[in-house]
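Novice: Have a peek at run-v5.tsv (TSV, C-alpha atoms).
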```tsv
chain	number	residue	atom	x	y	z
A	1	MET	CA	70.04	51.24	29.91
A	2	THR	CA	70.80	48.76	27.25
A	3	ASP	CA	72.32	49.23	23.90
A	4	ALA	CA	70.01	49.07	20.88
A	5	SER	CA	72.00	46.18	19.57
A	6	ASP	CA	71.54	44.15	22.77
A	7	PRO	CA	68.97	41.32	22.58
A	8	PRO	CA	65.76	41.78	24.54
A	9	ARG	CA	65.66	40.42	28.07
A	10	SER	CA	63.75	37.19	28.56
A	11	ASP	CA	61.58	38.75	31.28
A	12	GLU	CA	60.37	41.54	29.03
A	13	PRO	CA	57.28	40.77	26.91
A	14	SER	CA	57.86	41.10	23.21
A	15	SER	CA	55.31	43.39	21.54
A	16	PRO	CA	53.53	42.26	18.34
A	17	GLN	CA	55.12	43.61	15.26
A	18	THR	CA	51.89	44.12	13.18
A	19	ARG	CA	48.19	44.81	13.68
A	20	ARG	CA	47.33	41.43	12.21
A	21	GLU	CA	49.48	39.65	14.72
A	22	ALA	CA	47.95	41.72	17.49
A	23	GLY	CA	44.41	40.78	16.38
A	24	GLU	CA	45.30	37.10	16.20
A	25	ALA	CA	46.81	37.24	19.64
A	26	ARG	CA	43.69	38.91	21.01
A	27	ARG	CA	41.35	36.33	19.44
A	28	ALA	CA	43.50	33.52	20.77
A	29	ALA	CA	43.27	34.99	24.23
A	30	GLU	CA	39.44	35.31	23.94
A	31	VAL	CA	39.10	31.70	22.80
A	32	HIS	CA	41.33	30.60	25.65
A	33	ASP	CA	39.19	32.51	28.15
A	34	THR	CA	35.74	31.44	26.76
A	35	GLY	CA	36.64	27.88	25.70
A	36	PRO	CA	35.54	26.06	28.88
A	37	ALA	CA	32.29	28.04	29.09
A	38	LEU	CA	31.44	27.39	25.44
A	39	GLN	CA	32.15	23.67	25.75
A	40	SER	CA	29.99	23.49	28.85
A	41	HIS	CA	27.14	25.25	27.03
A	42	LEU	CA	27.44	22.88	24.05
A	43	ARG	CA	27.38	19.84	26.33
A	44	ALA	CA	24.26	21.14	28.05
A	45	ALA	CA	22.53	21.82	24.71
A	46	ARG	CA	23.46	18.37	23.41
A	47	SER	CA	22.18	16.72	26.58
A	48	GLU	CA	18.90	18.66	26.32
A	49	LEU	CA	18.49	17.69	22.64
A	50	GLU	CA	19.14	14.01	23.42
A	51	GLY	CA	16.55	14.21	26.17
A	52	HIS	CA	13.94	15.66	23.79
A	53	VAL	CA	14.71	13.00	21.16
A	54	ALA	CA	14.47	10.22	23.75
A	55	GLN	CA	11.16	11.59	25.03
A	56	ALA	CA	9.73	11.91	21.50
A	57	ARG	CA	10.83	8.37	20.71
A	58	ALA	CA	9.23	7.06	23.89
A	59	ASP	CA	5.98	8.90	23.13
A	60	PHE	CA	5.93	7.54	19.57
A	61	GLU	CA	6.60	3.98	20.71
A	62	GLU	CA	3.86	4.27	23.32
A	63	ALA	CA	1.40	5.54	20.70
A	64	ASN	CA	2.48	2.78	18.31
A	65	GLU	CA	1.89	0.16	21.00
A	66	ARG	CA	-1.60	1.54	21.65
A	67	ILE	CA	-2.38	1.40	17.94
A	68	LYS	CA	-0.93	-2.11	17.69
A	69	GLU	CA	-2.99	-3.24	20.68
A	70	ARG	CA	-6.18	-1.84	19.18
A	71	THR	CA	-5.71	-2.85	15.54
A	72	GLY	CA	-3.22	-5.70	15.75
A	73	ARG	CA	-0.94	-3.86	13.28
A	74	ASP	CA	2.56	-2.45	13.71
A	75	LEU	CA	2.25	1.11	12.42
A	76	ILE	CA	5.96	1.59	11.67
A	77	VAL	CA	6.37	-1.66	9.74
A	78	ALA	CA	3.06	-1.17	7.93
A	79	THR	CA	4.09	2.34	6.85
A	80	LEU	CA	7.48	1.19	5.55
A	81	ILE	CA	5.94	-1.71	3.61
A	82	GLY	CA	3.30	0.60	2.17
A	83	LEU	CA	5.91	3.14	1.06
A	84	ALA	CA	7.99	0.42	-0.61
A	85	ILE	CA	4.97	-0.85	-2.54
A	86	GLY	CA	4.04	2.71	-3.47
A	87	VAL	CA	7.51	3.40	-4.89
A	88	VAL	CA	7.36	0.28	-7.09
A	89	LEU	CA	3.83	1.15	-8.19
A	90	LEU	CA	4.68	4.74	-9.11
A	91	GLY	CA	7.90	3.74	-10.84
A	92	SER	CA	6.15	1.19	-13.04
A	93	LEU	CA	3.17	3.37	-13.98
A	94	LEU	CA	4.84	6.75	-14.47
A	95	PHE	CA	7.82	5.72	-16.59
A	96	VAL	CA	7.09	2.53	-18.58
A	97	LYS	CA	3.54	1.35	-18.16
A	98	TRP	CA	4.16	-2.20	-19.37
A	99	ALA	CA	6.50	-2.59	-16.37
A	100	PHE	CA	3.32	-2.67	-14.26
A	101	VAL	CA	2.33	-5.97	-15.92
A	102	PRO	CA	4.77	-8.25	-14.00
A	103	PHE	CA	3.91	-6.35	-10.81
A	104	ALA	CA	0.18	-7.03	-11.33
A	105	VAL	CA	0.74	-10.67	-12.32
A	106	ALA	CA	2.91	-11.30	-9.27
A	107	ALA	CA	0.35	-9.70	-6.94
A	108	ALA	CA	-2.49	-11.75	-8.44
A	109	MET	CA	-0.55	-15.01	-8.26
A	110	LEU	CA	0.47	-14.43	-4.64
A	111	ALA	CA	-3.10	-13.54	-3.68
A	112	LEU	CA	-4.40	-16.63	-5.48
A	113	PHE	CA	-1.80	-18.82	-3.79
A	114	GLU	CA	-2.50	-17.62	-0.25
A	115	PHE	CA	-6.28	-17.77	-0.74
A	116	ALA	CA	-6.02	-21.34	-2.05
A	117	ARG	CA	-3.83	-22.35	0.89
A	118	ALA	CA	-6.31	-20.85	3.36
A	119	LEU	CA	-9.13	-22.83	1.71
A	120	ILE	CA	-7.09	-26.05	1.77
A	121	ALA	CA	-6.38	-25.50	5.48
A	122	SER	CA	-10.13	-25.21	6.08
A	123	GLY	CA	-10.74	-28.61	4.52
A	124	ARG	CA	-11.63	-27.64	0.95
A	125	ARG	CA	-10.18	-29.43	-2.09
A	126	VAL	CA	-8.31	-26.87	-4.20
A	127	ASP	CA	-5.95	-27.80	-7.02
A	128	LEU	CA	-3.19	-25.26	-6.45
A	129	ILE	CA	-1.02	-25.68	-9.56
A	130	PRO	CA	-3.93	-25.69	-12.05
A	131	GLN	CA	-5.36	-22.63	-10.32
A	132	LEU	CA	-2.07	-20.75	-10.69
A	133	ILE	CA	-1.68	-21.76	-14.35
A	134	ALA	CA	-5.24	-20.72	-15.22
A	135	GLY	CA	-4.90	-17.49	-13.25
A	136	ALA	CA	-1.66	-16.51	-15.02
A	137	VAL	CA	-3.30	-17.08	-18.41
A	138	VAL	CA	-6.32	-14.96	-17.50
A	139	VAL	CA	-4.27	-12.06	-16.12
A	140	LEU	CA	-1.66	-11.96	-18.88
A	141	SER	CA	-4.21	-12.25	-21.68
A	142	ALA	CA	-5.89	-9.07	-20.46
A	143	TYR	CA	-2.93	-6.97	-21.64
A	144	PHE	CA	-1.54	-8.89	-24.61
A	145	VAL	CA	-4.62	-10.08	-26.57
A	146	ASP	CA	-7.86	-8.56	-27.83
A	147	SER	CA	-10.77	-8.27	-25.45
A	148	TRP	CA	-12.83	-11.01	-27.14
A	149	LEU	CA	-9.96	-13.48	-26.83
A	150	HIS	CA	-9.51	-12.48	-23.19
A	151	TRP	CA	-13.13	-13.50	-22.54
A	152	VAL	CA	-12.63	-16.77	-24.40
A	153	LEU	CA	-9.54	-17.58	-22.33
A	154	LEU	CA	-11.44	-16.77	-19.14
A	155	PHE	CA	-14.10	-19.39	-19.98
A	156	VAL	CA	-11.38	-21.86	-20.96
A	157	ALA	CA	-9.65	-21.27	-17.62
A	158	LEU	CA	-12.90	-21.81	-15.72
A	159	ALA	CA	-13.59	-25.04	-17.60
A	160	PHE	CA	-10.00	-26.17	-17.00
A	161	VAL	CA	-10.13	-25.83	-13.19
A	162	VAL	CA	-13.62	-27.35	-12.98
A	163	VAL	CA	-12.74	-30.40	-15.09
A	164	TRP	CA	-9.46	-30.85	-13.20
A	165	ARG	CA	-11.31	-30.83	-9.88
A	166	LEU	CA	-13.94	-33.31	-11.07
A	167	VAL	CA	-11.35	-35.69	-12.52
A	168	GLY	CA	-9.29	-35.38	-9.33
A	169	GLN	CA	-12.34	-36.21	-7.25
A	170	MET	CA	-13.21	-39.25	-9.38
A	171	ALA	CA	-9.63	-40.49	-9.07
A	172	ALA	CA	-9.63	-40.08	-5.29
A	173	HIS	CA	-12.46	-42.58	-4.52
A	174	ASP	CA	-12.71	-41.18	-0.99
A	175	GLY	CA	-16.50	-41.17	-0.68
A	176	ARG	CA	-16.74	-37.38	-0.54
A	177	VAL	CA	-20.42	-36.41	-0.54
A	178	TYR	CA	-22.06	-34.57	-3.44
A	179	GLY	CA	-22.54	-31.32	-1.52
A	180	LEU	CA	-18.84	-31.01	-0.70
A	181	VAL	CA	-17.81	-31.84	-4.28
A	182	LEU	CA	-20.18	-29.18	-5.62
A	183	GLY	CA	-18.76	-26.71	-3.11
A	184	ASP	CA	-15.22	-27.49	-4.28
A	185	VAL	CA	-16.22	-26.86	-7.90
A	186	LEU	CA	-17.87	-23.54	-7.04
A	187	ILE	CA	-14.81	-22.49	-5.05
A	188	ALA	CA	-12.56	-23.37	-8.02
A	189	THR	CA	-14.52	-20.99	-10.25
A	190	PHE	CA	-14.79	-18.34	-7.52
A	191	LEU	CA	-11.00	-18.20	-7.14
A	192	GLN	CA	-10.59	-17.48	-10.85
A	193	LEU	CA	-13.38	-14.90	-10.99
A	194	TYR	CA	-12.56	-13.09	-7.75
A	195	VAL	CA	-8.78	-12.92	-7.92
A	196	ALA	CA	-7.64	-13.65	-11.48
A	197	PHE	CA	-10.46	-12.06	-13.50
A	198	LEU	CA	-10.90	-8.95	-11.35
A	199	GLY	CA	-7.13	-8.56	-11.25
A	200	SER	CA	-6.98	-8.88	-15.02
A	201	LEU	CA	-9.35	-5.93	-15.42
A	202	THR	CA	-6.58	-3.73	-14.05
A	203	LEU	CA	-4.48	-4.67	-17.08
A	204	VAL	CA	-7.47	-4.17	-19.38
A	205	LEU	CA	-7.65	-0.60	-18.08
A	206	LEU	CA	-3.88	-0.21	-18.28
A	207	ALA	CA	-3.87	-1.13	-21.98
A	208	LYS	CA	-6.22	1.77	-22.84
A	209	ASP	CA	-4.93	5.14	-24.04
A	210	GLY	CA	-3.88	6.95	-20.89
A	211	GLY	CA	-4.84	3.86	-18.93
A	212	GLU	CA	-1.84	4.12	-16.65
A	213	TRP	CA	-3.25	7.37	-15.23
A	214	TRP	CA	-6.62	5.74	-14.59
A	215	VAL	CA	-4.99	2.79	-12.86
A	216	LEU	CA	-2.88	5.10	-10.71
A	217	SER	CA	-5.88	7.32	-9.95
A	218	PHE	CA	-8.24	4.60	-8.77
A	219	ILE	CA	-5.49	3.03	-6.64
A	220	ILE	CA	-4.79	6.45	-5.07
A	221	VAL	CA	-8.48	6.87	-4.23
A	222	ALA	CA	-8.70	3.32	-2.85
A	223	VAL	CA	-5.66	3.99	-0.64
A	224	ALA	CA	-7.24	7.28	0.46
A	225	VAL	CA	-10.37	5.34	1.46
A	226	ASP	CA	-8.32	2.96	3.61
A	227	THR	CA	-6.26	5.78	5.12
A	228	GLY	CA	-9.28	7.99	5.86
A	229	ALA	CA	-11.16	5.09	7.45
A	230	TYR	CA	-8.14	4.13	9.54
A	231	ALA	CA	-7.44	7.67	10.78
A	232	ALA	CA	-11.06	8.56	11.55
A	233	GLY	CA	-11.76	5.16	13.09
A	234	MET	CA	-8.72	5.38	15.35
A	235	THR	CA	-9.47	8.87	16.60
A	236	MET	CA	-13.29	8.98	16.67
A	237	GLY	CA	-14.59	5.46	16.03
A	238	LYS	CA	-17.33	4.47	18.47
A	239	HIS	CA	-20.23	3.03	16.49
A	240	PRO	CA	-19.55	-0.36	14.80
A	241	MET	CA	-20.48	-0.53	11.16
A	242	ALA	CA	-20.71	-4.30	10.70
A	243	PRO	CA	-19.86	-5.92	14.05
A	244	ARG	CA	-20.55	-9.48	12.91
A	245	ILE	CA	-18.28	-9.15	9.88
A	246	SER	CA	-15.56	-6.71	10.96
A	247	PRO	CA	-15.95	-5.44	14.55
A	248	LYS	CA	-13.24	-2.75	14.20
A	249	LYS	CA	-14.91	-0.92	11.31
A	250	THR	CA	-17.01	2.03	12.47
A	251	TRP	CA	-19.40	4.54	10.92
A	252	GLU	CA	-17.01	7.31	11.94
A	253	GLY	CA	-14.30	5.55	9.98
A	254	PHE	CA	-16.64	5.27	6.99
A	255	ALA	CA	-17.32	9.00	7.19
A	256	GLY	CA	-13.58	9.69	7.18
A	257	ALA	CA	-13.18	7.34	4.23
A	258	GLY	CA	-15.94	9.18	2.37
A	259	ALA	CA	-14.36	12.58	2.89
A	260	ALA	CA	-10.95	11.30	1.83
A	261	ALA	CA	-12.41	9.53	-1.24
A	262	ILE	CA	-14.27	12.58	-2.53
A	263	LEU	CA	-11.28	14.87	-1.98
A	264	ALA	CA	-8.88	12.44	-3.64
A	265	GLY	CA	-11.34	11.78	-6.49
A	266	VAL	CA	-11.73	15.47	-7.27
A	267	LEU	CA	-7.96	16.06	-7.16
A	268	VAL	CA	-6.96	13.12	-9.35
A	269	GLY	CA	-9.85	13.88	-11.69
A	270	LEU	CA	-8.75	17.48	-12.20
A	271	PHE	CA	-4.98	17.07	-12.29
A	272	MET	CA	-4.43	13.53	-13.63
A	273	LEU	CA	-7.46	12.53	-15.69
A	274	GLY	CA	-8.63	15.88	-17.05
A	275	LEU	CA	-12.14	15.41	-15.67
A	276	GLN	CA	-14.52	18.04	-14.39
A	277	TRP	CA	-14.79	18.37	-10.62
A	278	TRP	CA	-18.18	16.65	-10.42
A	279	MET	CA	-16.84	13.72	-12.41
A	280	GLY	CA	-13.99	13.44	-9.91
A	281	ALA	CA	-16.51	13.47	-7.06
A	282	VAL	CA	-18.51	10.67	-8.72
A	283	PHE	CA	-15.24	8.79	-9.25
A	284	GLY	CA	-14.41	9.08	-5.54
A	285	ILE	CA	-17.90	8.06	-4.39
A	286	LEU	CA	-17.98	4.93	-6.58
A	287	ILE	CA	-14.50	3.87	-5.49
A	288	LEU	CA	-15.60	4.43	-1.88
A	289	ALA	CA	-18.56	2.09	-2.40
A	290	THR	CA	-16.62	-0.67	-4.18
A	291	ALA	CA	-13.62	-0.46	-1.83
A	292	THR	CA	-15.87	-0.71	1.23
A	293	VAL	CA	-17.83	-3.66	-0.19
A	294	GLY	CA	-14.60	-5.37	-1.21
A	295	ASP	CA	-13.09	-4.90	2.23
A	296	LEU	CA	-16.18	-6.17	4.03
A	297	GLY	CA	-16.52	-9.06	1.58
A	298	GLU	CA	-12.99	-10.29	2.22
A	299	SER	CA	-13.51	-9.85	5.97
A	300	MET	CA	-16.59	-12.07	5.72
A	301	ILE	CA	-14.58	-14.72	3.85
A	302	LYS	CA	-11.84	-14.67	6.51
A	303	ARG	CA	-14.41	-14.90	9.28
A	304	ASP	CA	-15.97	-17.91	7.57
A	305	LEU	CA	-12.50	-19.51	7.29
A	306	GLY	CA	-11.72	-18.64	10.92
A	307	ILE	CA	-8.57	-16.62	10.18
A	308	LYS	CA	-7.47	-13.06	10.86
A	309	ASP	CA	-5.27	-12.57	7.79
A	310	MET	CA	-4.83	-14.48	4.55
A	311	SER	CA	-1.12	-14.75	5.32
A	312	SER	CA	1.70	-12.91	7.08
A	313	TRP	CA	3.74	-12.13	3.97
A	314	LEU	CA	3.35	-8.35	4.36
A	315	PRO	CA	4.25	-7.46	7.97
A	316	GLY	CA	1.84	-4.90	9.35
A	317	HIS	CA	-0.66	-5.57	6.55
A	318	GLY	CA	-1.33	-9.30	6.61
A	319	GLY	CA	-1.47	-10.99	3.24
A	320	VAL	CA	-1.39	-9.76	-0.34
A	321	LEU	CA	-5.12	-10.33	-0.73
A	322	ASP	CA	-5.68	-8.27	2.43
A	323	ARG	CA	-4.22	-5.33	0.50
A	324	LEU	CA	-6.02	-6.11	-2.75
A	325	ASP	CA	-9.49	-6.58	-1.26
A	326	SER	CA	-10.53	-2.95	-1.83
A	327	ILE	CA	-8.75	-2.73	-5.20
A	328	LEU	CA	-10.18	-5.80	-6.94
A	329	LEU	CA	-13.75	-4.49	-6.94
A	330	SER	CA	-12.70	-0.87	-7.42
A	331	VAL	CA	-11.19	-1.61	-10.82
A	332	VAL	CA	-14.71	-2.48	-12.05
A	333	ALA	CA	-15.89	1.02	-11.13
A	334	ALA	CA	-12.78	2.63	-12.62
A	335	LEU	CA	-13.12	0.75	-15.92
A	336	THR	CA	-16.83	1.59	-16.15
A	337	LEU	CA	-16.16	5.29	-15.57
A	338	TYR	CA	-13.37	5.21	-18.14
A	339	TYR	CA	-15.87	4.13	-20.79
A	340	LEU	CA	-18.44	6.69	-19.58
A	341	PHE	CA	-16.27	9.76	-18.98
A	342	THR	CA	-13.64	9.49	-21.71
A	343	PRO	CA	-16.12	10.28	-24.56
A	344	LEU	CA	-17.55	13.19	-22.55
A	345	VAL	CA	-14.10	14.69	-21.94
A	346	ALA	CA	-13.06	14.16	-25.57
A	347	SER	CA	-16.15	15.95	-26.83
```
Represent the structure contained in this file as structure tokens.

Specialist:
Amino acid sequence: MTDASDPPRSDEPSSPQTRREAGEARRAAEVHDTGPALQSHLRAARSELEGHVAQARADFEEANERIKERTGRDLIVATLIGLAIGVVLLGSLLFVKWAFVPFAVAAAMLALFEFARALIASGRRVDLIPQLIAGAVVVLSAYFVDSWLHWVLLFVALAFVVVWRLVGQMAAHDGRVYGLVLGDVLIATFLQLYVAFLGSLTLVLLAKDGGEWWVLSFIIVAVAVDTGAYAAGMTMGKHPMAPRISPKKTWEGFAGAGAAAILAGVLVGLFMLGLQWWMGAVFGILILATATVGDLGESMIKRDLGIKDMSSWLPGHGGVLDRLDSILLSVVAALTLYYLFTPLVAS
């Protein structure tokens, strides 16, 4: 026996003094016992997750390579570039619509520049600086002056580039034949009409009451046309639509573009433009037609020039004009429908 005042022996376990201490001691013992097993389970789960991620990444890269081999486009880069452009577009149109003006001017000038360079590389005489000056005047005037003055400035710009080309040719004294000189003059006017004037119509539409919603709507439908054609063509495309112009475009892709255009047209018509559903369907169908013609038209120009893309400024997309080809003609349809549908909706 020991006296109550004697200290406890070192070989005798000391009992916990409270229930709380007993519970903590028990939990510590459980953690000590299950620790190695839990860590092993976590390592196995982490290894399995890393394996799934690696497999998914490999599958995605393989699919991306197949798409790149078939279309010549890097899907990942193209998607990132498209998202970046979309963010800038939405930010400028939804918050302060005049902020879209420098965006549109920059896009038109870049498209004009790369188109002119492609023509010069093919042997055509194009006066680059005068073309850019005239194009900037045409595009900017669409937003900041009255419509009649915009038309006047367009004719002035056309006369400016034509006279500059003729004077430049007379000063050259290089014996260039009449047919080539006439072709250079026609190309000078075509650049202004195709890129600068059609691009300026986007700002004409923007300047209207609620025009920012119409601009955003027709661009959304045009993008839906491209996306629907791309998705349907990749998955089901077998029958070429215009093999001599663009061999990769198929009727299945056109059908996918049509479905996407009508759906997008109805949705933007109902929820953004306040149109009736049938007006939205007409909107989608017309944008489908103009976007398809614009795309095929630019493809025909590139085939005639012997190039695949206008430039490589937008990785995964080609050049700026390669992205604007379906938009430049579509703005004509959008502006026409604005004048037709707005009175009907207002009444």

Novice: Give me the residues near Asp322 (chain A) as a VMD selection string, where near means some atom within 9 Å (using only C-alpha atoms) and where sequence neighbours in that chain fewer than 5 positions away do not count.

Specialist: chain A and resid 111 295 298 to 299 309 to 311 317

Novice: Measuring atom to atom with all atoms listed in the file, identify which of A:Ala136, A:Val163, A:Met170, A:Val221 is nearest to Ile327 (chain A).

Specialist: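 Closest candidate: A:Val221.
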
Novice: I'd like the neighbourhood of Pro243 (chain A) as a list in words, where a residue qualifies if any of its atoms comes within 12 Å (using only C-alpha atoms), though same-chain residues fewer than 6 positions away should be ignored.

Specialist: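 Skipping anything fewer than 6 positions along the chain leaves Lys249, Thr250, Trp251, Leu296, Ser299, Met300 and Arg303 of chain A.
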
Novice: Counting only C-alpha atoms, which residues in region 185-219 of chain A sit no more than 10 Å from region 78-92 of chain A? For each one, give the nearest pair of atoms and the distance in Å, sorted by chain then residue number, as a tab-separated table.

Specialist:
```
residue	atom	partner	partner_atom	distance
A:Glu212	CA	A:Ser92	CA	9.2
A:Leu216	CA	A:Leu90	CA	7.7
A:Ile219	CA	A:Leu89	CA	9.6
```

Novice: Would you please work out which residue, of A:Arg117, A:Arg125, A:His173, A:Arg323, is nearest to Ala222 (chain A) when using only C-alpha atoms?

Specialist: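 Distance minimum relative to Ala222 (chain A) lands on A:Arg323.
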
Novice: Residues of region 104-142 of chain A that approach region 182-201 of chain A to 7 Å or less, counting only C-alpha atoms: could you list each one with the shortest pair of atoms and its distance in Å to one decimal, rows by chain and increasing residue number, as a tab-separated table?

Specialist:
```
residue	atom	partner	partner_atom	distance
A:Ala108	CA	A:Ala196	CA	6.3
A:Leu112	CA	A:Val195	CA	6.2
A:Arg124	CA	A:Asp184	CA	6.3
A:Arg125	CA	A:Asp184	CA	5.8
A:Val126	CA	A:Ala188	CA	6.7
A:Gly135	CA	A:Ala196	CA	5.0
A:Val138	CA	A:Ala196	CA	6.3
A:Val139	CA	A:Ser200	CA	4.3
A:Ala142	CA	A:Ser200	CA	5.6
```

Novice: Write only C-alpha atoms for region 107-181 of chain A from the block just shown, as an mmCIF file, in the first residue's frame.

Specialist:
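out.cif written:
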```
data_model
loop_
_atom_site.group_PDB
_atom_site.id
_atom_site.type_symbol
_atom_site.label_atom_id
_atom_site.label_comp_id
_atom_site.auth_asym_id
_atom_site.auth_seq_id
_atom_site.Cartn_x
_atom_site.Cartn_y
_atom_site.Cartn_z
ATOM 1 C CA ALA A 107 -11.292 46.308 -87.494
ATOM 2 C CA ALA A 108 -12.063 48.009 -90.819
ATOM 3 C CA MET A 109 -8.591 49.538 -91.114
ATOM 4 C CA LEU A 110 -6.865 46.239 -90.331
ATOM 5 C CA ALA A 111 -9.054 44.401 -92.850
ATOM 6 C CA LEU A 112 -8.360 47.072 -95.467
ATOM 7 C CA PHE A 113 -4.627 46.911 -94.770
ATOM 8 C CA GLU A 114 -4.319 43.134 -95.046
ATOM 9 C CA PHE A 115 -6.518 42.986 -98.158
ATOM 10 C CA ALA A 116 -4.409 45.683 -99.835
ATOM 11 C CA ARG A 117 -1.205 43.852 -98.939
ATOM 12 C CA ALA A 118 -2.565 40.598 -100.382
ATOM 13 C CA LEU A 119 -3.435 42.407 -103.626
ATOM 14 C CA ILE A 120 0.010 44.039 -103.799
ATOM 15 C CA ALA A 121 1.629 40.624 -103.304
ATOM 16 C CA SER A 122 -0.388 39.322 -106.271
ATOM 17 C CA GLY A 123 1.014 42.028 -108.530
ATOM 18 C CA ARG A 124 -1.730 44.661 -108.313
ATOM 19 C CA ARG A 125 -0.979 48.364 -107.824
ATOM 20 C CA VAL A 126 -2.686 49.505 -104.621
ATOM 21 C CA ASP A 127 -1.953 52.823 -102.918
ATOM 22 C CA LEU A 128 -1.981 51.722 -99.285
ATOM 23 C CA ILE A 129 -1.839 55.047 -97.412
ATOM 24 C CA PRO A 130 -4.525 56.787 -99.523
ATOM 25 C CA GLN A 131 -6.738 53.723 -99.135
ATOM 26 C CA LEU A 132 -6.417 53.834 -95.344
ATOM 27 C CA ILE A 133 -7.081 57.589 -95.206
ATOM 28 C CA ALA A 134 -10.162 57.322 -97.423
ATOM 29 C CA GLY A 135 -11.409 54.281 -95.526
ATOM 30 C CA ALA A 136 -11.093 56.012 -92.136
ATOM 31 C CA VAL A 137 -13.069 58.999 -93.433
ATOM 32 C CA VAL A 138 -15.849 56.782 -94.785
ATOM 33 C CA VAL A 139 -16.174 54.699 -91.620
ATOM 34 C CA LEU A 140 -16.005 57.571 -89.129
ATOM 35 C CA SER A 141 -18.427 59.750 -91.073
ATOM 36 C CA ALA A 142 -21.083 57.056 -90.765
ATOM 37 C CA TYR A 143 -21.449 57.746 -87.037
ATOM 38 C CA PHE A 144 -20.620 61.428 -86.672
ATOM 39 C CA VAL A 145 -22.328 63.148 -89.647
ATOM 40 C CA ASP A 146 -25.749 63.091 -91.291
ATOM 41 C CA SER A 147 -26.526 60.345 -93.763
ATOM 42 C CA TRP A 148 -26.454 62.646 -96.819
ATOM 43 C CA LEU A 149 -22.978 63.880 -95.910
ATOM 44 C CA HIS A 150 -21.853 60.288 -95.369
ATOM 45 C CA TRP A 151 -22.840 59.513 -98.967
ATOM 46 C CA VAL A 152 -21.058 62.618 -100.222
ATOM 47 C CA LEU A 153 -17.869 61.637 -98.381
ATOM 48 C CA LEU A 154 -18.105 58.126 -99.822
ATOM 49 C CA PHE A 155 -18.082 59.510 -103.389
ATOM 50 C CA VAL A 156 -15.253 61.874 -102.465
ATOM 51 C CA ALA A 157 -13.253 58.939 -101.074
ATOM 52 C CA LEU A 158 -13.841 56.913 -104.245
ATOM 53 C CA ALA A 159 -12.749 59.814 -106.437
ATOM 54 C CA PHE A 160 -9.703 60.363 -104.213
ATOM 55 C CA VAL A 161 -8.354 56.796 -104.540
ATOM 56 C CA VAL A 162 -9.107 56.648 -108.269
ATOM 57 C CA VAL A 163 -7.370 59.948 -109.059
ATOM 58 C CA TRP A 164 -4.421 59.010 -106.845
ATOM 59 C CA ARG A 165 -4.006 55.711 -108.702
ATOM 60 C CA LEU A 166 -4.217 57.355 -112.124
ATOM 61 C CA VAL A 167 -1.726 60.082 -111.214
ATOM 62 C CA GLY A 168 0.580 57.462 -109.699
ATOM 63 C CA GLN A 169 0.393 55.427 -112.883
ATOM 64 C CA MET A 170 1.143 58.437 -115.086
ATOM 65 C CA ALA A 171 4.135 59.296 -112.908
ATOM 66 C CA ALA A 172 5.487 55.744 -113.083
ATOM 67 C CA HIS A 173 6.038 55.612 -116.898
ATOM 68 C CA ASP A 174 6.444 51.833 -116.683
ATOM 69 C CA GLY A 175 4.480 50.902 -119.807
ATOM 70 C CA ARG A 176 1.720 49.159 -117.868
ATOM 71 C CA VAL A 177 -1.006 48.128 -120.306
ATOM 72 C CA TYR A 178 -4.478 49.673 -120.292
ATOM 73 C CA GLY A 179 -6.218 46.528 -119.039
ATOM 74 C CA LEU A 180 -4.037 46.301 -115.940
ATOM 75 C CA VAL A 181 -4.445 50.015 -115.183
#
```
